[in-house]
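Q: My structure is stored as run_28.txt, with compact mmCIF, C-alpha atoms.
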# COMPACT_ATOMS: atom_id res chain seq x y z
CA MET A 1207 -32.01 108.08 2.67
CA PRO A 1208 -29.17 109.89 4.43
CA HIS A 1209 -28.96 109.28 8.14
CA ILE A 1210 -29.67 112.51 9.93
CA LEU A 1211 -28.58 112.73 13.54
CA PRO A 1212 -31.28 114.18 15.75
CA LYS A 1213 -30.66 117.68 16.99
CA LEU A 1214 -30.10 117.70 20.72
CA THR A 1215 -31.69 120.50 22.67
CA ALA A 1216 -30.66 121.61 26.15
CA ILE A 1217 -32.95 123.63 28.36
CA ILE A 1218 -31.24 125.40 31.26
CA ASN A 1219 -33.38 126.28 34.25
CA SER A 1220 -31.72 129.13 36.12
CA LYS A 1221 -34.55 130.77 38.04
CA ALA A 1222 -36.23 129.95 41.34
CA PRO A 1223 -39.65 128.36 40.78
CA PHE A 1224 -42.15 131.02 41.87
CA SER A 1225 -40.45 134.38 41.27
CA ASN A 1226 -41.58 134.60 37.65
CA THR A 1227 -42.91 132.34 34.90
CA ALA A 1228 -39.48 131.17 33.65
CA GLY A 1229 -39.72 127.71 35.20
CA LYS A 1230 -43.23 127.14 33.91
CA ASP A 1231 -42.26 128.36 30.43
CA ALA A 1232 -39.25 126.05 30.36
CA LEU A 1233 -41.46 123.13 31.42
CA ASP A 1234 -44.03 123.87 28.69
CA ILE A 1235 -41.31 123.92 26.04
CA ALA A 1236 -39.74 120.72 27.37
CA LEU A 1237 -43.11 118.91 27.28
CA ILE A 1238 -43.81 120.10 23.74
CA PHE A 1239 -40.37 118.97 22.54
CA GLY A 1240 -40.92 115.65 24.31
CA SER A 1241 -44.35 115.21 22.71
CA PHE A 1242 -42.81 115.69 19.27
CA GLU A 1243 -39.96 113.27 19.97
CA GLN A 1244 -37.25 115.94 19.92
CA PRO A 1245 -34.40 114.72 22.12
CA THR A 1246 -34.21 117.20 24.97
CA SER A 1247 -32.16 117.42 28.16
CA LEU A 1248 -32.89 119.54 31.20
CA PHE A 1249 -30.17 121.36 33.11
CA PHE A 1250 -30.61 122.98 36.51
CA GLN A 1251 -28.12 125.66 37.47
CA GLY A 1252 -27.95 128.65 39.80
CA ASP A 1253 -31.29 129.41 41.47
CA GLY A 1254 -32.83 126.90 39.04
CA VAL A 1255 -31.83 124.13 41.46
CA TRP A 1256 -34.53 125.38 43.86
CA GLN A 1257 -37.06 123.89 41.42
CA LEU A 1258 -35.94 120.43 42.48
CA ILE A 1259 -36.08 120.52 46.27
CA GLN A 1260 -38.69 118.57 48.17
CA GLU A 1261 -41.79 119.71 50.06
CA GLN A 1262 -42.67 122.72 47.93
CA ASN A 1263 -46.28 123.83 47.72
CA GLY A 1264 -47.08 126.65 45.33
CA ALA A 1265 -50.77 126.47 46.22
CA LEU A 1266 -49.99 128.21 49.53
CA ILE A 1267 -49.07 131.34 47.60
CA SER A 1268 -51.69 130.81 44.87
CA VAL A 1269 -49.26 129.59 42.23
CA LYS A 1270 -50.19 126.60 40.09
CA ASP A 1271 -47.87 123.86 41.24
CA TYR A 1272 -46.20 123.01 37.94
CA LEU A 1273 -43.38 121.24 39.82
CA LYS A 1274 -45.71 118.25 40.27
CA THR A 1275 -45.53 117.75 36.51
CA PHE A 1276 -41.78 116.99 36.77
CA ALA A 1277 -42.69 113.50 38.00
CA ALA A 1278 -44.27 112.83 34.57
CA PHE A 1279 -41.03 113.53 32.65
CA GLU A 1280 -40.59 109.85 31.75
CA PHE A 1281 -43.87 109.89 29.80
CA TYR A 1282 -42.48 112.73 27.69
CA ASP A 1283 -39.13 110.99 27.10
CA LEU A 1284 -37.36 113.58 29.22
CA GLU A 1285 -34.81 111.28 30.76
CA ASN A 1286 -31.68 113.41 30.87
CA ILE A 1287 -31.87 115.63 33.93
CA TYR A 1288 -28.63 117.25 35.06
CA VAL A 1289 -27.95 119.39 38.11
CA CYS A 1290 -24.93 121.58 38.77
CA GLN A 1291 -23.28 120.31 41.94
CA GLU A 1292 -21.62 123.63 42.65
CA SER A 1293 -24.98 125.44 42.54
CA LEU A 1294 -26.35 122.95 45.09
CA PHE A 1295 -23.29 123.39 47.29
CA GLN A 1296 -23.48 127.20 47.20
CA ARG A 1297 -27.06 126.98 48.50
CA SER A 1298 -26.33 124.33 51.16
CA LEU A 1299 -28.64 121.92 49.36
CA THR A 1300 -28.45 118.14 49.46
CA THR A 1301 -29.32 115.79 46.64
CA ASP A 1302 -32.80 115.03 48.03
CA PHE A 1303 -34.97 115.97 45.06
CA HIS A 1304 -38.71 115.62 44.52
CA ILE A 1305 -38.07 113.58 41.37
CA GLU A 1306 -35.88 110.58 40.70
CA LYS A 1307 -33.20 109.89 38.13
CA VAL A 1308 -31.51 113.26 38.50
CA GLN A 1309 -27.79 113.30 37.71
CA VAL A 1310 -25.66 115.61 39.83
CA LEU A 1311 -22.58 116.70 37.89
CA ALA A 1312 -19.44 118.50 39.02
CA LYS A 1313 -18.78 121.82 37.30
CA LYS A 1314 -16.50 120.51 34.55
CA LYS A 1315 -18.76 117.54 33.72
CA PHE A 1316 -21.81 119.80 33.76
CA ALA A 1317 -20.11 122.12 31.25
CA ASP A 1318 -18.97 119.21 29.06
CA LYS A 1319 -22.45 117.69 29.05
CA LEU A 1320 -24.01 120.99 28.06
CA ALA A 1321 -21.53 121.29 25.18
CA THR A 1322 -22.77 118.01 23.66
CA HIS A 1323 -26.06 119.75 22.76
CA HIS A 1324 -26.68 121.66 19.54
CA THR A 1325 -29.16 124.19 20.81
CA VAL A 1326 -29.26 125.72 24.26
CA LEU A 1327 -32.31 127.53 25.59
CA ARG A 1328 -31.95 129.25 28.93
CA PHE A 1329 -34.80 130.27 31.23
CA MET B 1393 -16.54 122.93 19.41
CA PRO B 1394 -16.61 126.45 20.86
CA THR B 1395 -19.71 127.97 22.44
CA LEU B 1396 -20.63 131.61 21.99
CA HIS B 1397 -21.71 133.13 25.30
CA ILE B 1398 -23.70 136.33 24.99
CA VAL B 1399 -23.62 138.11 28.36
CA ARG B 1400 -26.33 140.74 28.75
CA GLN B 1401 -26.54 141.39 32.49
CA SER B 1402 -24.39 143.18 35.00
CA THR B 1403 -23.04 140.69 37.48
CA PHE B 1404 -23.55 143.35 40.18
CA ASN B 1405 -27.25 142.74 39.63
CA SER B 1406 -27.61 139.11 38.59
CA ASP B 1407 -25.95 135.72 38.82
CA ASP B 1408 -25.96 135.18 35.06
CA PHE B 1409 -22.31 135.93 34.35
CA THR B 1410 -21.21 133.72 37.25
CA GLN B 1411 -23.25 130.87 35.79
CA CYS B 1412 -21.70 131.52 32.39
CA LEU B 1413 -18.26 131.12 33.94
CA GLN B 1414 -19.40 127.85 35.55
CA VAL B 1415 -19.89 126.23 32.15
CA LEU B 1416 -17.11 128.01 30.26
CA ARG B 1417 -14.83 125.65 28.30
CA ASN B 1418 -11.52 126.17 26.57
CA ASN B 1419 -11.67 128.15 23.32
CA ASP B 1420 -15.17 129.53 23.99
CA VAL B 1421 -16.11 133.07 23.02
CA ILE B 1422 -17.74 135.60 25.37
CA VAL B 1423 -19.41 138.71 24.01
CA PHE B 1424 -20.46 141.43 26.43
CA ILE B 1425 -23.48 143.31 25.18
CA ASP B 1426 -26.05 145.64 26.78
CA ASP B 1427 -25.60 145.76 30.59
CA GLY B 1428 -23.13 142.90 30.26
CA CYS B 1429 -20.60 145.68 29.55
CA TYR B 1430 -20.64 146.55 33.27
CA ASN B 1431 -18.68 143.33 33.82
CA LEU B 1432 -15.60 144.52 31.94
CA HIS B 1433 -13.75 145.62 35.08
CA HIS B 1434 -15.25 143.07 37.45
CA PRO B 1435 -12.76 140.91 39.43
CA LEU B 1436 -14.42 137.80 37.96
CA ILE B 1437 -12.74 138.59 34.64
CA SER B 1438 -9.34 137.86 36.17
CA THR B 1439 -10.55 134.38 37.19
CA ILE B 1440 -10.60 133.40 33.51
CA GLY B 1441 -7.19 131.85 32.97
CA SER B 1442 -5.25 132.80 29.84
CA GLU B 1443 -4.55 129.10 29.21
CA ALA B 1444 -8.27 128.61 28.56
CA ASN B 1445 -7.86 130.67 25.38
CA ILE B 1446 -11.18 132.49 25.77
CA GLN B 1447 -11.91 135.24 23.30
CA LEU B 1448 -13.44 138.17 25.20
CA SER B 1449 -15.32 140.57 22.98
CA VAL B 1450 -17.31 143.75 23.58
CA ILE B 1451 -19.86 145.52 21.45
CA ASP B 1452 -18.15 148.86 20.99
CA LYS B 1453 -21.18 151.14 21.18
CA HIS B 1454 -22.75 149.32 24.11
CA ALA B 1455 -19.69 149.93 26.28
CA LYS B 1456 -19.07 153.47 25.05
CA ALA B 1457 -22.72 154.44 25.53
CA ARG B 1458 -22.32 153.45 29.18
CA GLY B 1459 -19.06 155.35 29.59
CA ILE B 1460 -17.08 152.17 30.17
CA THR B 1461 -13.47 152.08 29.06
CA ILE B 1462 -12.32 149.02 27.15
CA ASP B 1463 -8.88 147.59 27.85
CA GLU B 1464 -7.84 146.63 24.34
CA SER B 1465 -5.12 144.30 25.58
CA LEU B 1466 -7.90 142.20 27.11
CA TYR B 1467 -10.93 142.68 24.89
CA THR B 1468 -11.64 142.48 21.18
CA ILE B 1469 -13.82 145.37 20.10
CA ILE B 1470 -16.61 144.29 17.76
CA ASN B 1471 -19.88 145.55 16.26
CA MET B 1472 -23.24 143.86 15.72
CA ASN B 1473 -22.23 142.46 12.31
CA ASN B 1474 -19.26 140.76 13.93
CA LEU B 1475 -21.60 139.28 16.52
CA VAL B 1476 -23.73 137.73 13.77
CA GLU B 1477 -20.56 136.32 12.19
CA LEU B 1478 -19.60 134.79 15.53
CA THR B 1479 -22.91 132.92 15.69
CA LEU B 1480 -21.89 131.24 12.43
CA THR B 1481 -18.33 130.32 13.41
CA THR B 1482 -19.25 128.82 16.80
CA ASN B 1483 -21.15 125.60 17.47
CA ARG B 1484 -23.85 126.85 19.79
CA VAL B 1485 -25.04 130.06 21.37
CA ILE B 1486 -26.08 130.59 24.97
CA THR B 1487 -27.63 133.90 25.89
CA TRP B 1488 -27.14 134.81 29.54
CA GLN B 1489 -29.94 137.17 30.43
CA MET C 1156 -72.71 132.42 33.89
CA ALA C 1157 -72.67 132.66 30.16
CA ILE C 1158 -71.80 129.10 29.26
CA SER C 1159 -72.76 126.19 31.42
CA LEU C 1160 -73.79 122.59 31.57
CA ALA C 1161 -77.25 121.74 32.90
CA PHE C 1162 -76.81 119.08 35.52
CA ASN C 1163 -79.38 117.89 38.09
CA GLY C 1164 -81.19 121.21 37.89
CA ASP C 1165 -77.89 122.99 38.49
CA LYS C 1166 -75.71 124.97 36.13
CA ILE C 1167 -72.04 124.06 36.02
CA ALA C 1168 -69.71 126.60 34.40
CA THR C 1169 -67.78 125.45 31.34
CA ASP C 1170 -65.68 127.06 28.65
CA GLN C 1171 -66.96 127.51 25.10
CA GLN C 1172 -66.08 123.94 24.16
CA GLY C 1173 -67.76 122.41 27.17
CA TYR C 1174 -64.75 121.82 29.44
CA LEU C 1175 -65.46 122.33 33.13
CA LEU C 1176 -63.92 125.49 34.56
CA ASP C 1177 -63.56 123.89 37.99
CA HIS C 1178 -62.39 120.30 37.80
CA THR C 1179 -63.20 119.66 41.47
CA LEU C 1180 -66.94 119.81 40.63
CA TRP C 1181 -66.62 116.71 38.49
CA GLN C 1182 -68.40 113.47 39.19
CA GLU C 1183 -69.08 110.47 37.00
CA ALA C 1184 -72.69 111.51 36.40
CA ILE C 1185 -71.43 114.75 34.83
CA ALA C 1186 -69.43 112.78 32.27
CA VAL C 1187 -72.59 110.83 31.46
CA VAL C 1188 -74.53 114.06 30.84
CA MET C 1189 -71.73 115.54 28.73
CA ALA C 1190 -71.52 112.42 26.59
CA LYS C 1191 -75.29 112.32 26.19
CA ASN C 1192 -75.27 115.93 24.96
CA ASP C 1193 -72.60 114.96 22.44
CA GLU C 1194 -74.57 111.83 21.47
CA PHE C 1195 -71.50 109.86 22.40
CA GLU C 1196 -71.68 106.45 24.02
CA LEU C 1197 -69.35 105.71 26.93
CA THR C 1198 -68.33 102.06 27.21
CA LYS C 1199 -66.23 100.38 29.86
CA ALA C 1200 -63.15 100.96 27.71
CA HIS C 1201 -63.93 104.69 27.57
CA TRP C 1202 -64.30 104.84 31.32
CA GLU C 1203 -60.95 103.19 31.75
CA VAL C 1204 -59.30 105.99 29.80
CA ILE C 1205 -61.36 108.76 31.42
CA THR C 1206 -60.47 107.54 34.90
CA PHE C 1207 -56.84 107.18 33.92
CA VAL C 1208 -56.61 110.68 32.44
CA ARG C 1209 -58.22 112.16 35.52
CA GLN C 1210 -55.81 110.32 37.79
CA PHE C 1211 -52.91 111.54 35.64
CA TYR C 1212 -54.08 115.13 36.07
CA LEU C 1213 -54.52 114.83 39.82
CA THR C 1214 -51.05 113.32 40.15
CA TYR C 1215 -49.08 115.51 37.75
CA ASN C 1216 -51.16 118.70 37.60
CA THR C 1217 -51.34 118.60 33.83
CA SER C 1218 -53.54 116.97 31.21
CA PRO C 1219 -51.46 114.48 29.23
CA ALA C 1220 -50.87 115.02 25.53
CA ILE C 1221 -51.53 111.96 23.40
CA ARG C 1222 -47.98 110.66 23.34
CA ALA C 1223 -47.55 110.98 27.10
CA LEU C 1224 -50.95 109.37 27.58
CA THR C 1225 -50.05 106.31 25.55
CA LYS C 1226 -46.72 105.94 27.35
CA ALA C 1227 -48.34 106.25 30.74
CA MET C 1228 -51.12 103.79 29.80
CA LYS C 1229 -48.54 101.30 28.60
CA ALA C 1230 -47.05 101.27 32.08
CA GLU C 1231 -50.51 100.71 33.58
CA PHE C 1232 -52.42 98.48 31.13
CA GLY C 1233 -49.78 96.96 28.88
CA GLU C 1234 -49.01 97.13 25.20
CA ASP C 1235 -52.36 96.59 23.43
CA LYS C 1236 -54.21 99.45 25.10
CA ALA C 1237 -51.28 101.78 24.78
CA SER C 1238 -51.39 102.68 21.11
CA SER C 1239 -52.69 105.95 19.76
CA ARG C 1240 -54.69 103.84 17.28
CA TYR C 1241 -56.59 102.19 20.12
CA LEU C 1242 -57.23 105.55 21.76
CA PHE C 1243 -58.32 107.25 18.55
CA LYS C 1244 -60.75 104.39 17.93
CA LEU C 1245 -62.33 105.08 21.30
CA PHE C 1246 -62.21 108.85 20.97
CA PRO C 1247 -62.33 109.80 17.29
CA ASP C 1248 -62.16 113.55 18.02
CA GLY C 1249 -58.78 113.09 19.67
CA PRO C 1250 -58.32 111.07 22.85
CA ALA C 1251 -56.47 113.75 24.80
CA LYS C 1252 -59.09 116.36 23.97
CA GLN C 1253 -62.19 114.20 24.37
CA ALA C 1254 -61.19 112.13 27.38
CA THR C 1255 -60.05 115.19 29.33
CA LYS C 1256 -63.41 116.82 28.70
CA TYR C 1257 -65.40 113.89 30.08
CA ALA C 1258 -62.93 113.65 32.93
CA GLY C 1259 -63.81 117.22 33.90
CA LEU C 1260 -60.34 118.58 33.15
CA PRO C 1261 -59.17 121.65 31.27
CA LYS C 1262 -58.48 121.16 27.58
CA PRO C 1263 -54.82 120.22 27.10
CA LYS C 1264 -52.87 123.26 25.95
CA ARG C 1265 -50.54 121.14 23.88
CA CYS C 1266 -53.12 120.12 21.36
CA LEU C 1267 -51.82 116.75 20.12
Would you mind writing the structure in this file as structure tokens?
A:
Amino acid sequence: MPHILPKLTAIINSKAPFSNTAGKDALDIALIFGSFEQPTSLFFQGDGVWQLIQEQNGALISVKDYLKTFAAFEFYDLENIYVCQESLFQRSLTTDFHIEKVQVLAKKKFADKLATHHTVLRF
Amino acid sequence: MPTLHIVRQSTFNSDDFTQCLQVLRNNDVIVFIDDGCYNLHHPLISTIGSEANIQLSVIDKHAKARGITIDESLYTIINMNNLVELTLTTNRVITWQ
Amino acid sequence: MAISLAFNGDKIATDQQGYLLDHTLWQEAIAVVMAKNDEFELTKAHWEVITFVRQFYLTYNTSPAIRALTKAMKAEFGEDKASSRYLFKLFPDGPAKQATKYAGLPKPKRCL
């Protein structure tokens, strides 16, 4: 049987968590890919980095707090989480995230990492 | 290993084009379509160095429909068929919208 | 209240497949009633999974799909209880679907 390399999928999160359903949609897709053993990486860029900051509580504005599900990524084999350092810097954000094992990458490295994926979905 | 970047939003209205430039790599292709055509004369364009060898393309009708002039020394003018061809000659597509 | 579960003289709202609409109303006795209605026997091993699934939901705000459930259970209980075979033996209709129901949670959207 020929050896087929798995197709790598990148999901870019570019929207703040509660302004629309983009973040929730991206999460649903990531969990489905994970459940079907499709290697998937998550990228956070632009306002998407707001999804990672601590002490958020969607319940206060009647939004289902899907951010809590991020802590379960390891059970879905979602182990490659990359954040754009420049996007953090532009928003005066530190690297204190509400989940662990997040890799902060400088612009060039972030771009190079993204380019190692075959399919890129952006939300 | 070029990436095809399809830019659909005016950068006067959204951060999408800026984020596209953040991950731009040498030899990538950018196609401006829909409201992405409003970026053609934006100062950000001049931040793309010529040494990066980026192909900048514009969907002809999308720019003309919006009354935007295309500097042909800077941009390659293409149609929708050319865009489809570009998806086949590049390694991945990112839609910025 | 079109569809509901009779419990202690009360009516508790459920969806068409018997999943509670409000997971905060759950208590162990409700799981017992649900299982009885299904003619399904809950053993200690079942309870272990039901409790685990409920805790997963309360922690992560989502019902685990089967693969995530087995991975999470592996971390908690070790290898032999962490196979989908073991879970399907306990819950023949699908562990994620069945255990979440008795745990008072919404049906997992990602069906497997």
Q: Given the point (-33.9, 116.2, 24.4) in the coordinates of this file, which residues lie within 10 Å, counting all atoms listed in the file, and how would they look as a ChimeraX atom specification?
A: /A:1212-1217,1236,1239-1240,1243-1248,1282-1287,1323,1325
Q: Write out as a list in words the residues lying within 7 Å of stretch 1412-1417 of chain B, counting all atoms listed in the file and excluding same-chain residues fewer than 6 positions away.
A: Lys1313, Phe1316 and Ala1317 of chain A; Trp1488 of chain B
Q: Those same residues - C-alpha atoms - I'd like them written as a CSV table (one decimal), in the frame of the given file.
A:
chain,number,residue,atom,x,y,z
A,1313,LYS,CA,-18.8,121.8,37.3
A,1316,PHE,CA,-21.8,119.8,33.8
A,1317,ALA,CA,-20.1,122.1,31.2
B,1488,TRP,CA,-27.1,134.8,29.5
Q: Go ahead and compute the interatomic distance for atom CA of B:Arg1484 and atom CA of A:Asp1318, in Å to one decimal.
A: 13.0 Å
Q: What is the atom CA of B:Val1399 to atom CA of A:Ala1312 distance in Å?
A: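 Going from atom CA of B:Val1399 over to atom CA of A:Ala1312 covers 22.7 Å.
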Q: Atom CA of B:Glu1443 and atom CA of B:Asn1418, how far apart in Å?
A: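 Answer for the atom CA of B:Asn1418 to atom CA of B:Glu1443 separation: 8.0 Å.
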Q: Could you work out which residues of chain A fall inside 10 Å of chain B? Count all atoms listed in the file, and format the result as a ChimeraX atom specification.
A: /A:1218,1220-1221,1251-1253,1290,1292-1293,1312-1329
Q: Select all residues from chain C having any atom no more than 7 Å from an atom of chain A (counting all atoms listed in the file, ignoring ligands), output as a list in words.
A: Tyr1215, Asn1216, Thr1217, Arg1222, Ala1223, Lys1226, Ala1227 and Arg1265 of chain C
Q: Residues near A:Ala1222, anyone? I mean within 7 Å using all atoms listed in the file, not counting same-chain ones fewer than 2 positions away, as a short mmCIF file (atom, residue, chain, number, x, y, z; two decimals) with C-alpha atoms, keeping the file's coordinate frame.
A:
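As written to disk, selection32.cif reads:
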data_model
loop_
_atom_site.label_atom_id
_atom_site.label_comp_id
_atom_site.auth_asym_id
_atom_site.auth_seq_id
_atom_site.Cartn_x
_atom_site.Cartn_y
_atom_site.Cartn_z
CA SER A 1220 -31.72 129.13 36.12
CA PHE A 1224 -42.15 131.02 41.87
CA SER A 1225 -40.45 134.38 41.27
CA ASP A 1253 -31.29 129.41 41.47
CA GLY A 1254 -32.83 126.90 39.04
CA TRP A 1256 -34.53 125.38 43.86
CA GLN A 1257 -37.06 123.89 41.42
#
Q: Write out as a ChimeraX atom specification each polymer residue whose atoms come within 10 Å of stretch 1202-1205 of chain C, counting only C-alpha atoms; drop sequence neighbours fewer than 6 positions from it.
A: /C:1183,1186,1211,1224,1228,1232,1236,1242,1245-1246,1250-1251,1253-1259
Q: Take the point (-16.9, 146.4, 22.7) as written in the file and pick out every residue within 10 Å of it, counting all atoms listed in the file; give the list as an mmCIF file with C-alpha atoms, in the frame of the given file.
A:
data_model
loop_
_atom_site.group_PDB
_atom_site.id
_atom_site.type_symbol
_atom_site.label_atom_id
_atom_site.label_comp_id
_atom_site.auth_asym_id
_atom_site.auth_seq_id
_atom_site.Cartn_x
_atom_site.Cartn_y
_atom_site.Cartn_z
ATOM 1 C CA VAL B 1423 -19.410 138.710 24.010
ATOM 2 C CA PHE B 1424 -20.460 141.430 26.430
ATOM 3 C CA ILE B 1425 -23.480 143.310 25.180
ATOM 4 C CA CYS B 1429 -20.600 145.680 29.550
ATOM 5 C CA LEU B 1432 -15.600 144.520 31.940
ATOM 6 C CA LEU B 1448 -13.440 138.170 25.200
ATOM 7 C CA SER B 1449 -15.320 140.570 22.980
ATOM 8 C CA VAL B 1450 -17.310 143.750 23.580
ATOM 9 C CA ILE B 1451 -19.860 145.520 21.450
ATOM 10 C CA ASP B 1452 -18.150 148.860 20.990
ATOM 11 C CA LYS B 1453 -21.180 151.140 21.180
ATOM 12 C CA HIS B 1454 -22.750 149.320 24.110
ATOM 13 C CA ALA B 1455 -19.690 149.930 26.280
ATOM 14 C CA LYS B 1456 -19.070 153.470 25.050
ATOM 15 C CA ILE B 1460 -17.080 152.170 30.170
ATOM 16 C CA THR B 1461 -13.470 152.080 29.060
ATOM 17 C CA ILE B 1462 -12.320 149.020 27.150
ATOM 18 C CA ASP B 1463 -8.880 147.590 27.850
ATOM 19 C CA GLU B 1464 -7.840 146.630 24.340
ATOM 20 C CA TYR B 1467 -10.930 142.680 24.890
ATOM 21 C CA THR B 1468 -11.640 142.480 21.180
ATOM 22 C CA ILE B 1469 -13.820 145.370 20.100
ATOM 23 C CA ILE B 1470 -16.610 144.290 17.760
ATOM 24 C CA ASN B 1471 -19.880 145.550 16.260
ATOM 25 C CA MET B 1472 -23.240 143.860 15.720
#
Q: Considering all atoms listed in the file, state which residue in the set B:Gly1459, B:Pro1435, B:Gly1428, B:Gly1441 is at the smallest distance from B:Phe1409.
A: B:Gly1428
Q: Tell me which protein, DNA and RNA residues are within 8 Å of C:Leu1260, counting only C-alpha atoms, leaving out same-chain ones fewer than 3 positions away, and put them as a list in words.
A: Tyr1174, Leu1175, Leu1176, Asp1177, His1178, Arg1209, Tyr1212, Ser1218, Thr1255, Lys1256 and Tyr1257 of chain C
Q: With the input short on atoms, add N, CA and C atoms back to stretch 1170-1188 of chain C and write it as a PDB file, in the coordinates of the input.
A:
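Contents of result35.pdb, as written:
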ATOM      1  N   ASP C1170     -66.169 126.148  29.683  1.00  0.00           N
ATOM      2  CA  ASP C1170     -65.680 127.060  28.650  1.00  0.00           C
ATOM      3  C   ASP C1170     -66.508 126.851  27.376  1.00  0.00           C
ATOM      4  N   GLN C1171     -66.144 127.554  26.310  1.00  0.00           N
ATOM      5  CA  GLN C1171     -66.960 127.510  25.100  1.00  0.00           C
ATOM      6  C   GLN C1171     -67.069 126.107  24.506  1.00  0.00           C
ATOM      7  N   GLN C1172     -66.047 125.279  24.749  1.00  0.00           N
ATOM      8  CA  GLN C1172     -66.080 123.940  24.160  1.00  0.00           C
ATOM      9  C   GLN C1172     -66.593 122.889  25.124  1.00  0.00           C
ATOM     10  N   GLY C1173     -67.119 123.344  26.255  1.00  0.00           N
ATOM     11  CA  GLY C1173     -67.760 122.410  27.170  1.00  0.00           C
ATOM     12  C   GLY C1173     -66.866 121.801  28.228  1.00  0.00           C
ATOM     13  N   TYR C1174     -65.647 122.312  28.382  1.00  0.00           N
ATOM     14  CA  TYR C1174     -64.750 121.820  29.440  1.00  0.00           C
ATOM     15  C   TYR C1174     -65.103 122.513  30.756  1.00  0.00           C
ATOM     16  N   LEU C1175     -65.148 121.735  31.828  1.00  0.00           N
ATOM     17  CA  LEU C1175     -65.460 122.330  33.130  1.00  0.00           C
ATOM     18  C   LEU C1175     -64.412 123.374  33.498  1.00  0.00           C
ATOM     19  N   LEU C1176     -64.873 124.467  34.107  1.00  0.00           N
ATOM     20  CA  LEU C1176     -63.920 125.490  34.560  1.00  0.00           C
ATOM     21  C   LEU C1176     -63.300 125.093  35.895  1.00  0.00           C
ATOM     22  N   ASP C1177     -64.072 124.325  36.688  1.00  0.00           N
ATOM     23  CA  ASP C1177     -63.560 123.890  37.990  1.00  0.00           C
ATOM     24  C   ASP C1177     -63.584 122.356  38.042  1.00  0.00           C
ATOM     25  N   HIS C1178     -62.414 121.759  37.923  1.00  0.00           N
ATOM     26  CA  HIS C1178     -62.390 120.300  37.800  1.00  0.00           C
ATOM     27  C   HIS C1178     -62.819 119.590  39.087  1.00  0.00           C
ATOM     28  N   THR C1179     -62.827 120.314  40.211  1.00  0.00           N
ATOM     29  CA  THR C1179     -63.200 119.660  41.470  1.00  0.00           C
ATOM     30  C   THR C1179     -64.709 119.395  41.542  1.00  0.00           C
ATOM     31  N   LEU C1180     -65.480 120.032  40.637  1.00  0.00           N
ATOM     32  CA  LEU C1180     -66.940 119.810  40.630  1.00  0.00           C
ATOM     33  C   LEU C1180     -67.323 118.524  39.920  1.00  0.00           C
ATOM     34  N   TRP C1181     -66.342 117.881  39.327  1.00  0.00           N
ATOM     35  CA  TRP C1181     -66.620 116.710  38.490  1.00  0.00           C
ATOM     36  C   TRP C1181     -67.127 115.518  39.298  1.00  0.00           C
ATOM     37  N   GLN C1182     -68.036 114.793  38.698  1.00  0.00           N
ATOM     38  CA  GLN C1182     -68.400 113.470  39.190  1.00  0.00           C
ATOM     39  C   GLN C1182     -68.785 112.631  37.979  1.00  0.00           C
ATOM     40  N   GLU C1183     -68.840 111.337  38.148  1.00  0.00           N
ATOM     41  CA  GLU C1183     -69.080 110.470  37.000  1.00  0.00           C
ATOM     42  C   GLU C1183     -70.359 110.832  36.254  1.00  0.00           C
ATOM     43  N   ALA C1184     -71.394 111.198  37.027  1.00  0.00           N
ATOM     44  CA  ALA C1184     -72.690 111.510  36.400  1.00  0.00           C
ATOM     45  C   ALA C1184     -72.569 112.703  35.454  1.00  0.00           C
ATOM     46  N   ILE C1185     -71.615 113.603  35.725  1.00  0.00           N
ATOM     47  CA  ILE C1185     -71.430 114.750  34.830  1.00  0.00           C
ATOM     48  C   ILE C1185     -70.891 114.278  33.483  1.00  0.00           C
ATOM     49  N   ALA C1186     -69.969 113.331  33.517  1.00  0.00           N
ATOM     50  CA  ALA C1186     -69.430 112.780  32.270  1.00  0.00           C
ATOM     51  C   ALA C1186     -70.564 112.138  31.455  1.00  0.00           C
ATOM     52  N   VAL C1187     -71.469 111.472  32.145  1.00  0.00           N
ATOM     53  CA  VAL C1187     -72.590 110.830  31.460  1.00  0.00           C
ATOM     54  C   VAL C1187     -73.453 111.874  30.750  1.00  0.00           C
ATOM     55  N   VAL C1188     -73.726 112.981  31.438  1.00  0.00           N
ATOM     56  CA  VAL C1188     -74.530 114.060  30.840  1.00  0.00           C
ATOM     57  C   VAL C1188     -73.813 114.679  29.653  1.00  0.00           C
TER      58      VAL C1188
END
